[in-house]
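Data first, discussion second: the structure below is written as structure tokens.
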Amino acid sequence: MTAPHLPLPLRGRTARSSRRAVLTGVSGAVAALVLGTAATGRSAVRAATSGVSRAGNAADAQVAAEVKAEFLHGWRGYQAVAWGHDEARPISRTRNDFFAPGHTFGLSIVEALDTLYLMDENAEVARCCDWIEQHLDPVQDAPIQVFEAVIRLVGGMLAGYQATGRPALLGRARELADRLLPAFTASPTGLPYTHVNLRTGAVHGDVATLAEIGSNAMEFGLLSRLTGDARYYDASVRAYRAALSRRSALDLLGTSLEVETGRWADCASVAPDAPVDSFYEYLWAAGTQLRDSTLTAWYRTLTAAILRHQAVRLGGRLWFRAVDFRTGRPHGRVQQQELGAFYAGLLAKGGAPSQGAAYFDAWTAVLDRHPVLPETVDCTTLKPVDCRGLLRPEYANAAFDLWRVTGQERYRTAAYRWFTAMRERQRVPGGYSTLRDVTAPAGAAHTYADLTPGYWFAENLKYLWLMFAATPRFDYQAGLLSTEGKALVGLRPAWV
Ligand code: DMJ
């Protein structure tokens with residue numbers, strides 16, 4: 001499929017694309033059965049394409065104020081020691097280069113931009129925009145990971161552009177995307193190389209994970225729409241098609257593909273964990289954003305297969321086990337990464353609310369034992385397999401999505417509990433810090449891993465703020481966030 005003629009007549013594409021959607025693989029009735037007891041085939045499609053929110057906008061000014069205070073605490077910590085650099089190390093009061101040693105993209109500035117906007121911090125928004133316009137260099141002589149640059153930098157600047165209308169942000173996002181495109185266009189298969197040197201255009205990294213292949217359609221689709229240049233979205237869809245065409249007879253995918261041959265580099269379907277997580281997330285989100293029913297059909301096909309072959313009940317809880325994508329045979333013991341917790345929200349948005357709720361409850365059971373979620377858990381014992389606490393946002397992301405889909409107050413309660421634990425265990429004088437071991441006593445200095453990740457500014461407190469602040473700057477009905485929490489649809493600009 002090639003990208004539509006642009007500027008995109010997005011709504012008009014649905015029927016045409018639907019006739020071309022040949023990769024469904026599961027009948028509507030079977031999909032409905034697998035996708036959820038409450039969802040009929042038609043209602044599943046409706047849920048997967050409307051973006052409708054049932055969440056009431058009841059504000060809780062007290063909680064919203066607490067959330068904003070913590071965001072600004074982290075933000076001031078970053079500003080004090082790392083302004084203009086990618087990330088802050090709040091304990092040692094040093095900096096971290098995220099993309100390449102000796103190079104900065106001011107990552108935390110770009111990550112924070114639309115969160116600051118949603119929080120009405122207009123002066124800080126202007127400061128961030130000024131820095132990006134004057135200092136962000138998209139032509140650096142360094143190999144950059146395409147996936148991270150797209151979801152964090154391109155997405156962050158596009159969200160910032162939509163919030164502020166400052167043309168330089170769109171220009172800088174486009175310039176960067178142009179420098180990233182060789183990763184897609186130089187590939188014989190359409191599967192992107194993982195890295196590209198922004199100055200020379202040299203590509204490398206010829207084994208790409210699904211997240212690296214598929215997490216760009218939201219940003220590239222929006223960029224194509226804003227610029228009238230189809231090349232960006234074309235590249236995304238070509239990459240998606242290259243992966244989907246290599247699915248197994250069970251409609252499952254492996255983890256990573258060889259870019260030049262198109263061969264699978266492994267045989268495990270590890271969904272919804274990293275490094276495949278946002279591949280599935282973007283099939284639903286970009287399908288909804290761009291009214292592209294082909295992506296939505298692919299989402300339904302793959303989700304039905306994941307629920308059929310990977311869902312497992314342990315101790316009455318819903319988890320997902322890794323399986324051989326060709327045979328469906330289990331692949332080792334059942335463990336899951338915290339990174340996979342977002343999937344509870346995705347299932348609900350995509351038409352399987354009961355499974356989404358059950359999976360969220362499984363993660364809440366881990367939270368009952370460990371107030372800060374460990375990086376990986378054993379799903380049978382709920383004990384940590386990897387004890388690190390990396391200030392991840394996925395549980396709050398799922399709570400936000402489930403709250404929007406169901407309107408149930410219990411998801412705000414769960415998110416607030418998660419927030420207070422993070423505040424108690426990970427707040428330090430210089431901001432917020434990752435932990436080496438979430439099971440160590442609170443406050444033990446040696447447990448701090450000394451990083452405020454860029455995504456913390458984009459995601460963690462944005463979900464809480466949107467749940468409690470009832471901000472008029474966000475369209476709660478139609479709004480869509482990217483995998484990095486960027487509000488790519490539904491930001492209500494203050495400049496029109
Ligand atoms: C974020 O960078 C994105 O959400 C990505 O898709 C995976 N998760 C990290 C934060 O944990």
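Here, A, B, ... name the chains of the structure tokens in the order displayed, residue numbers run from 1 inside each chain, and ligands are numbered from 1 in the same displayed order.
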### Task
Around ligand 1, at most 9 Å away and counting only C-alpha atoms and all ligand atoms, which residues are there? Put them as a VMD selection string, please.
chain A and resid 148 151 to 152 211 215 274 to 275 277 to 279 281 338 to 340 342 390 to 394 397 453 to 456 458 to 460 482 to 485
Selection above as a file: N, CA, C and O atoms, as a compact mmCIF listing (two decimals), in the first residue's frame:
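Written file, out_17.txt:
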# COMPACT_ATOMS: atom_id res chain seq x y z
N GLU A 148 14.12 5.53 18.77
CA GLU A 148 14.08 6.49 19.89
C GLU A 148 13.97 7.92 19.37
O GLU A 148 13.27 8.76 19.96
N ILE A 151 10.15 8.49 18.25
CA ILE A 151 9.09 8.60 19.27
C ILE A 151 9.36 9.74 20.24
O ILE A 151 8.43 10.36 20.74
N ARG A 152 10.64 10.05 20.49
CA ARG A 152 10.96 11.07 21.49
C ARG A 152 11.10 12.45 20.87
O ARG A 152 10.49 13.43 21.34
N ALA A 211 9.46 -3.35 17.68
CA ALA A 211 9.24 -1.97 18.14
C ALA A 211 10.00 -1.00 17.25
O ALA A 211 9.50 0.10 16.95
N SER A 215 7.17 1.45 15.29
CA SER A 215 6.77 2.58 16.16
C SER A 215 7.11 3.91 15.51
O SER A 215 7.94 4.68 16.02
N ALA A 274 8.60 -5.67 25.76
CA ALA A 274 9.65 -5.16 24.89
C ALA A 274 10.49 -6.36 24.44
O ALA A 274 10.58 -7.35 25.17
N PRO A 275 11.05 -6.28 23.25
CA PRO A 275 11.10 -5.14 22.35
C PRO A 275 10.10 -5.22 21.20
O PRO A 275 10.45 -4.89 20.07
N ASP A 277 6.60 -4.30 22.01
CA ASP A 277 5.43 -3.65 22.60
C ASP A 277 4.73 -2.62 21.70
O ASP A 277 3.56 -2.75 21.34
N SER A 278 5.44 -1.57 21.32
CA SER A 278 4.76 -0.47 20.63
C SER A 278 4.45 -0.79 19.16
O SER A 278 3.69 -0.06 18.53
N PHE A 279 5.00 -1.88 18.63
CA PHE A 279 4.59 -2.33 17.28
C PHE A 279 3.08 -2.54 17.27
O PHE A 279 2.37 -2.08 16.37
N GLU A 281 0.96 -1.47 19.66
CA GLU A 281 0.31 -0.23 20.12
C GLU A 281 0.02 0.70 18.93
O GLU A 281 -1.05 1.30 18.83
N GLU A 338 7.66 -4.99 33.25
CA GLU A 338 6.78 -3.86 33.56
C GLU A 338 6.40 -3.13 32.29
O GLU A 338 5.28 -2.61 32.15
N LEU A 339 7.32 -3.12 31.32
CA LEU A 339 7.06 -2.45 30.05
C LEU A 339 5.79 -2.96 29.37
O LEU A 339 5.15 -2.25 28.60
N GLY A 340 5.42 -4.22 29.66
CA GLY A 340 4.23 -4.79 29.04
C GLY A 340 2.93 -4.32 29.68
O GLY A 340 1.85 -4.57 29.13
N PHE A 342 1.46 -1.58 29.81
CA PHE A 342 0.64 -0.68 28.97
C PHE A 342 -0.45 -1.44 28.24
O PHE A 342 -1.49 -0.88 27.87
N LEU A 390 12.84 1.61 37.17
CA LEU A 390 13.37 2.58 36.20
C LEU A 390 12.42 3.75 35.93
O LEU A 390 12.46 4.34 34.87
N LEU A 391 11.60 4.08 36.93
CA LEU A 391 10.66 5.21 36.79
C LEU A 391 9.80 5.05 35.53
O LEU A 391 9.58 6.00 34.79
N ARG A 392 9.34 3.83 35.33
CA ARG A 392 8.56 3.53 34.14
C ARG A 392 7.13 4.06 34.27
O ARG A 392 6.55 4.08 35.35
N PRO A 393 6.52 4.42 33.14
CA PRO A 393 5.17 4.97 33.17
C PRO A 393 4.04 4.01 32.81
O PRO A 393 2.88 4.40 32.79
N GLU A 394 4.35 2.74 32.48
CA GLU A 394 3.35 1.92 31.80
C GLU A 394 2.11 1.62 32.63
O GLU A 394 1.00 1.53 32.08
N ASN A 397 -0.02 4.65 32.46
CA ASN A 397 -0.53 4.74 31.09
C ASN A 397 -1.77 3.85 30.95
O ASN A 397 -2.80 4.27 30.42
N PRO A 453 14.99 9.64 33.76
CA PRO A 453 14.91 9.36 32.32
C PRO A 453 14.08 10.43 31.60
O PRO A 453 13.12 10.97 32.16
N GLY A 454 14.42 10.69 30.34
CA GLY A 454 13.66 11.66 29.56
C GLY A 454 12.17 11.35 29.54
O GLY A 454 11.33 12.25 29.63
N TYR A 455 11.84 10.06 29.43
CA TYR A 455 10.41 9.71 29.32
C TYR A 455 9.63 10.08 30.56
O TYR A 455 8.41 10.23 30.50
N TRP A 456 10.31 10.24 31.69
CA TRP A 456 9.58 10.65 32.91
C TRP A 456 8.88 11.99 32.68
O TRP A 456 7.77 12.21 33.16
N ALA A 458 7.85 13.12 29.79
CA ALA A 458 6.82 12.99 28.76
C ALA A 458 5.59 12.25 29.27
O ALA A 458 4.48 12.52 28.81
N GLU A 459 5.79 11.31 30.19
CA GLU A 459 4.72 10.35 30.44
C GLU A 459 4.17 10.32 31.86
O GLU A 459 2.99 10.55 32.09
N ASN A 460 5.02 10.00 32.84
CA ASN A 460 4.52 9.58 34.16
C ASN A 460 3.45 10.51 34.71
O ASN A 460 2.35 10.09 35.08
N SER A 482 0.95 9.21 21.86
CA SER A 482 1.88 8.26 21.25
C SER A 482 2.44 7.32 22.32
O SER A 482 2.14 7.46 23.50
N THR A 483 3.28 6.39 21.89
CA THR A 483 3.88 5.48 22.86
C THR A 483 4.78 6.21 23.85
O THR A 483 5.04 5.72 24.94
N GLU A 484 5.24 7.39 23.49
CA GLU A 484 6.06 8.20 24.38
C GLU A 484 5.21 9.24 25.10
O GLU A 484 5.72 10.18 25.71
N GLY A 485 3.89 9.07 25.05
CA GLY A 485 3.00 9.98 25.78
C GLY A 485 2.80 11.34 25.13
O GLY A 485 2.25 12.25 25.76
### Message
Give me, as a PyMOL selection string, the residues of region 157-341 of chain A that a backbone DSSP run labels helix (DSSP H, G or I).
### Response
chain A and resi 157-164+167-180+182-185+210-214+217-227+231-244+277-289+293-309+338-341
### Query
Where does DSSP see strand (DSSP E) in region 81-329 of chain A, if you list the residues as a PyMOL selection string?
chain A and resi 87-89+94-96+143-145+195-197+203-204+207-209+256-258+268-269+311-314+317-320+323-324
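Nearest-residue note for Trp83 (chain A): choosing from A:Pro493, A:Gly332, A:Pro101, A:Gly106, the minimum distance belongs to A:Gly106, counting only C-alpha atoms.
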### Query
Pro138 (chain A): which residues within 9 Å, counting only C-alpha atoms, same-chain residues fewer than 4 positions away excluded, as a list in words?
Phe105, Arg172, Ala173, Glu175, Leu176, Ala177, Arg179, Leu198 and Arg199 of chain A
### Task
May I have the residues within 10 Å of Tyr343 (chain A) as a PyMOL selection string, using only C-alpha atoms and disregarding those fewer than 4 positions away in the same chain?
chain A and resi 271-273+277-278+280-281+339+347-349+355-356+359-360+394-395+397-398+401
What does the file look like for those residues with all heavy atoms, as a short mmCIF file (atom, residue, chain, number, x, y, z; two decimals), in the first residue's frame?
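This went into again.cif:
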data_model
loop_
_atom_site.label_atom_id
_atom_site.label_comp_id
_atom_site.auth_asym_id
_atom_site.auth_seq_id
_atom_site.Cartn_x
_atom_site.Cartn_y
_atom_site.Cartn_z
N ALA A 271 5.16 -10.77 22.83
CA ALA A 271 4.15 -9.73 23.09
C ALA A 271 3.45 -9.99 24.43
O ALA A 271 3.21 -11.15 24.77
CB ALA A 271 3.11 -9.75 21.98
N PRO A 272 3.15 -8.95 25.19
CA PRO A 272 3.29 -7.53 24.86
C PRO A 272 4.57 -6.89 25.39
O PRO A 272 4.66 -5.68 25.46
CB PRO A 272 2.08 -6.91 25.57
CG PRO A 272 1.97 -7.73 26.84
CD PRO A 272 2.37 -9.13 26.45
N ASP A 273 5.55 -7.70 25.76
CA ASP A 273 6.77 -7.14 26.34
C ASP A 273 7.63 -6.44 25.28
O ASP A 273 7.44 -6.63 24.07
CB ASP A 273 7.61 -8.25 26.98
CG ASP A 273 7.09 -8.66 28.35
OD1 ASP A 273 6.08 -8.08 28.80
OD2 ASP A 273 7.68 -9.55 28.97
N ASP A 277 6.60 -4.30 22.01
CA ASP A 277 5.43 -3.65 22.60
C ASP A 277 4.73 -2.62 21.70
O ASP A 277 3.56 -2.75 21.34
CB ASP A 277 5.81 -3.01 23.94
CG ASP A 277 7.19 -2.34 23.93
OD1 ASP A 277 7.84 -2.30 22.86
OD2 ASP A 277 7.62 -1.85 24.98
N SER A 278 5.44 -1.57 21.32
CA SER A 278 4.76 -0.47 20.63
C SER A 278 4.45 -0.79 19.16
O SER A 278 3.69 -0.06 18.53
CB SER A 278 5.57 0.82 20.75
OG SER A 278 6.94 0.59 20.56
N TYR A 280 2.57 -3.23 18.30
CA TYR A 280 1.14 -3.51 18.40
C TYR A 280 0.36 -2.25 18.77
O TYR A 280 -0.73 -1.99 18.27
CB TYR A 280 0.91 -4.63 19.41
CG TYR A 280 1.61 -5.91 19.00
CD1 TYR A 280 2.87 -6.23 19.51
CD2 TYR A 280 1.04 -6.77 18.07
CE1 TYR A 280 3.53 -7.38 19.10
CE2 TYR A 280 1.69 -7.93 17.66
CZ TYR A 280 2.94 -8.22 18.18
OH TYR A 280 3.59 -9.36 17.77
N GLU A 281 0.96 -1.47 19.66
CA GLU A 281 0.31 -0.23 20.12
C GLU A 281 0.02 0.70 18.93
O GLU A 281 -1.05 1.30 18.83
CB GLU A 281 1.24 0.46 21.12
CG GLU A 281 0.70 1.71 21.75
CD GLU A 281 1.71 2.32 22.75
OE1 GLU A 281 2.86 1.83 22.83
OE2 GLU A 281 1.33 3.27 23.44
N LEU A 339 7.32 -3.12 31.32
CA LEU A 339 7.06 -2.45 30.05
C LEU A 339 5.79 -2.96 29.37
O LEU A 339 5.15 -2.25 28.60
CB LEU A 339 8.25 -2.64 29.10
CG LEU A 339 9.47 -1.77 29.39
CD1 LEU A 339 10.72 -2.37 28.77
CD2 LEU A 339 9.24 -0.36 28.86
N LEU A 347 -5.51 -3.17 25.19
CA LEU A 347 -6.58 -4.16 25.00
C LEU A 347 -7.94 -3.50 25.15
O LEU A 347 -8.86 -3.74 24.35
CB LEU A 347 -6.43 -5.30 26.02
CG LEU A 347 -5.33 -6.32 25.74
CD1 LEU A 347 -5.16 -7.26 26.93
CD2 LEU A 347 -5.63 -7.13 24.48
N ALA A 348 -8.08 -2.66 26.15
CA ALA A 348 -9.37 -2.01 26.38
C ALA A 348 -9.72 -1.08 25.23
O ALA A 348 -10.85 -1.09 24.71
CB ALA A 348 -9.33 -1.24 27.71
N LYS A 349 -8.76 -0.28 24.79
CA LYS A 349 -9.02 0.65 23.68
C LYS A 349 -9.36 -0.11 22.41
O LYS A 349 -10.17 0.32 21.61
CB LYS A 349 -7.78 1.52 23.42
CG LYS A 349 -7.50 2.54 24.51
CD LYS A 349 -6.38 3.49 24.12
CE LYS A 349 -5.04 2.81 24.00
NZ LYS A 349 -3.92 3.78 23.86
N GLN A 355 -10.57 -8.20 29.10
CA GLN A 355 -9.19 -8.68 29.18
C GLN A 355 -8.24 -7.57 29.65
O GLN A 355 -7.30 -7.82 30.40
CB GLN A 355 -8.73 -9.23 27.83
CG GLN A 355 -9.32 -10.58 27.48
CD GLN A 355 -10.65 -10.44 26.75
OE1 GLN A 355 -11.29 -9.38 26.80
NE2 GLN A 355 -11.09 -11.50 26.10
N GLY A 356 -8.49 -6.37 29.19
CA GLY A 356 -7.67 -5.25 29.64
C GLY A 356 -7.77 -5.06 31.15
O GLY A 356 -6.76 -4.88 31.83
N TYR A 359 -5.93 -7.89 32.97
CA TYR A 359 -4.46 -7.76 32.92
C TYR A 359 -4.00 -6.62 33.84
O TYR A 359 -2.97 -6.74 34.52
CB TYR A 359 -4.03 -7.52 31.47
CG TYR A 359 -2.54 -7.57 31.26
CD1 TYR A 359 -1.78 -8.61 31.79
CD2 TYR A 359 -1.89 -6.58 30.53
CE1 TYR A 359 -0.40 -8.65 31.60
CE2 TYR A 359 -0.51 -6.62 30.33
CZ TYR A 359 0.22 -7.65 30.87
OH TYR A 359 1.58 -7.68 30.69
N PHE A 360 -4.75 -5.55 33.88
CA PHE A 360 -4.42 -4.46 34.80
C PHE A 360 -4.45 -4.97 36.25
O PHE A 360 -3.56 -4.66 37.06
CB PHE A 360 -5.42 -3.30 34.63
CG PHE A 360 -5.08 -2.09 35.44
CD1 PHE A 360 -4.13 -1.19 34.99
CD2 PHE A 360 -5.70 -1.84 36.65
CE1 PHE A 360 -3.80 -0.06 35.74
CE2 PHE A 360 -5.38 -0.72 37.41
CZ PHE A 360 -4.43 0.17 36.95
N GLU A 394 4.35 2.74 32.48
CA GLU A 394 3.35 1.92 31.80
C GLU A 394 2.11 1.62 32.63
O GLU A 394 1.00 1.53 32.08
CB GLU A 394 4.00 0.62 31.30
CG GLU A 394 4.87 0.78 30.05
CD GLU A 394 6.21 1.45 30.30
OE1 GLU A 394 6.64 1.52 31.47
OE2 GLU A 394 6.84 1.92 29.32
N TYR A 395 2.27 1.45 33.95
CA TYR A 395 1.08 1.16 34.76
C TYR A 395 0.13 2.37 34.77
O TYR A 395 -1.09 2.23 34.61
CB TYR A 395 1.51 0.80 36.19
CG TYR A 395 0.38 0.45 37.12
CD1 TYR A 395 -0.16 -0.84 37.15
CD2 TYR A 395 -0.16 1.40 37.99
CE1 TYR A 395 -1.21 -1.17 38.02
CE2 TYR A 395 -1.21 1.09 38.85
CZ TYR A 395 -1.72 -0.19 38.86
OH TYR A 395 -2.76 -0.51 39.71
N ASN A 397 -0.02 4.65 32.46
CA ASN A 397 -0.53 4.74 31.09
C ASN A 397 -1.77 3.85 30.95
O ASN A 397 -2.80 4.27 30.42
CB ASN A 397 0.59 4.28 30.14
CG ASN A 397 0.24 4.47 28.67
OD1 ASN A 397 -0.88 4.80 28.31
ND2 ASN A 397 1.20 4.25 27.82
N ALA A 398 -1.67 2.62 31.47
CA ALA A 398 -2.81 1.70 31.38
C ALA A 398 -3.99 2.21 32.20
O ALA A 398 -5.15 2.13 31.76
CB ALA A 398 -2.39 0.31 31.85
N ASP A 401 -5.72 4.92 30.20
CA ASP A 401 -6.50 4.38 29.08
C ASP A 401 -7.77 3.70 29.58
O ASP A 401 -8.86 3.89 29.02
CB ASP A 401 -5.66 3.38 28.28
CG ASP A 401 -4.58 4.06 27.45
OD1 ASP A 401 -4.69 5.26 27.18
OD2 ASP A 401 -3.61 3.36 27.08
#
### Among the residues A:Tyr448, A:Tyr411, A:Phe400, A:Trp363, the one that comes closest to Phe320 (chain A) [using only C-alpha atoms]
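With only C-alpha atoms as the atom set, the closest residue is A:Trp363.
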### Task
Show which residues sit within 6 Å of Ala159 (chain A), as an NGL selection string. Count only C-alpha atoms, and ignore same-chain residues fewer than 3 positions away.
:A and (156 or 162 or 487-488)
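If you count only C-alpha atoms and ignore residues fewer than 2 places along the chain from Arg246 (chain A), what sits within 12 Å of it is Leu23, Thr189, Leu191, Leu210, Ala239, Tyr240, Arg241, Ala242, Ala243, Leu244, Ser248, Ala249, Leu250, Asp251, Leu252, Leu253, Gly254, Thr255, Ser256, Leu257, Glu258, Thr261, Gly262, Arg263, Trp264, Ala265, Cys267, Phe325 and Arg326 of chain A.
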#### Entry: Polymer residues at most 6 Å from Tyr233 (chain A), only C-alpha atoms, same-chain spacing of 2 or more positions, as number ranges by chain
A: 3, 220-221, 230-231, 235-236
Write the residues you've just listed into a file as a PDB file, in the first residue's frame, and include N, CA and C atoms for each of them.
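To be explicit, this is the file written out as again29.pdb:
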ATOM      1  N   ALA A   3       1.121   5.453   0.526  1.00  0.00           N
ATOM      2  CA  ALA A   3       0.435   6.443   1.344  1.00  0.00           C
ATOM      3  C   ALA A   3      -0.567   7.193   0.477  1.00  0.00           C
ATOM      4  N   PHE A 220       5.090   9.750  11.738  1.00  0.00           N
ATOM      5  CA  PHE A 220       5.280   9.946  10.296  1.00  0.00           C
ATOM      6  C   PHE A 220       3.943  10.241   9.609  1.00  0.00           C
ATOM      7  N   GLY A 221       2.871   9.630  10.085  1.00  0.00           N
ATOM      8  CA  GLY A 221       1.561   9.931   9.507  1.00  0.00           C
ATOM      9  C   GLY A 221       1.184  11.385   9.734  1.00  0.00           C
ATOM     10  N   ALA A 230       4.133  12.658   1.317  1.00  0.00           N
ATOM     11  CA  ALA A 230       3.727  11.281   1.634  1.00  0.00           C
ATOM     12  C   ALA A 230       4.874  10.363   2.022  1.00  0.00           C
ATOM     13  N   ARG A 231       6.107  10.794   1.824  1.00  0.00           N
ATOM     14  CA  ARG A 231       7.229   9.864   1.993  1.00  0.00           C
ATOM     15  C   ARG A 231       7.303   9.274   3.402  1.00  0.00           C
ATOM     16  N   ALA A 235       6.863   5.233   4.205  1.00  0.00           N
ATOM     17  CA  ALA A 235       7.939   4.436   4.818  1.00  0.00           C
ATOM     18  C   ALA A 235       7.391   3.595   5.971  1.00  0.00           C
ATOM     19  N   SER A 236       6.521   4.189   6.773  1.00  0.00           N
ATOM     20  CA  SER A 236       5.942   3.450   7.905  1.00  0.00           C
ATOM     21  C   SER A 236       5.131   2.256   7.431  1.00  0.00           C
TER      22      SER A 236
END
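Among the candidate residues A:Ala59, A:Val323, A:Leu136, A:Leu116, the one lying nearest to Ala163 (chain A) is A:Leu116, with distances computed using only C-alpha atoms.
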### Query
In terms of the shortest atom-to-atom distance over only C-alpha atoms, which of A:Ser269, A:Asn216, A:Thr185, A:Thr301 is closest to Val154 (chain A)?
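Ranked by minimum distance to Val154 (chain A), first place goes to A:Asn216.
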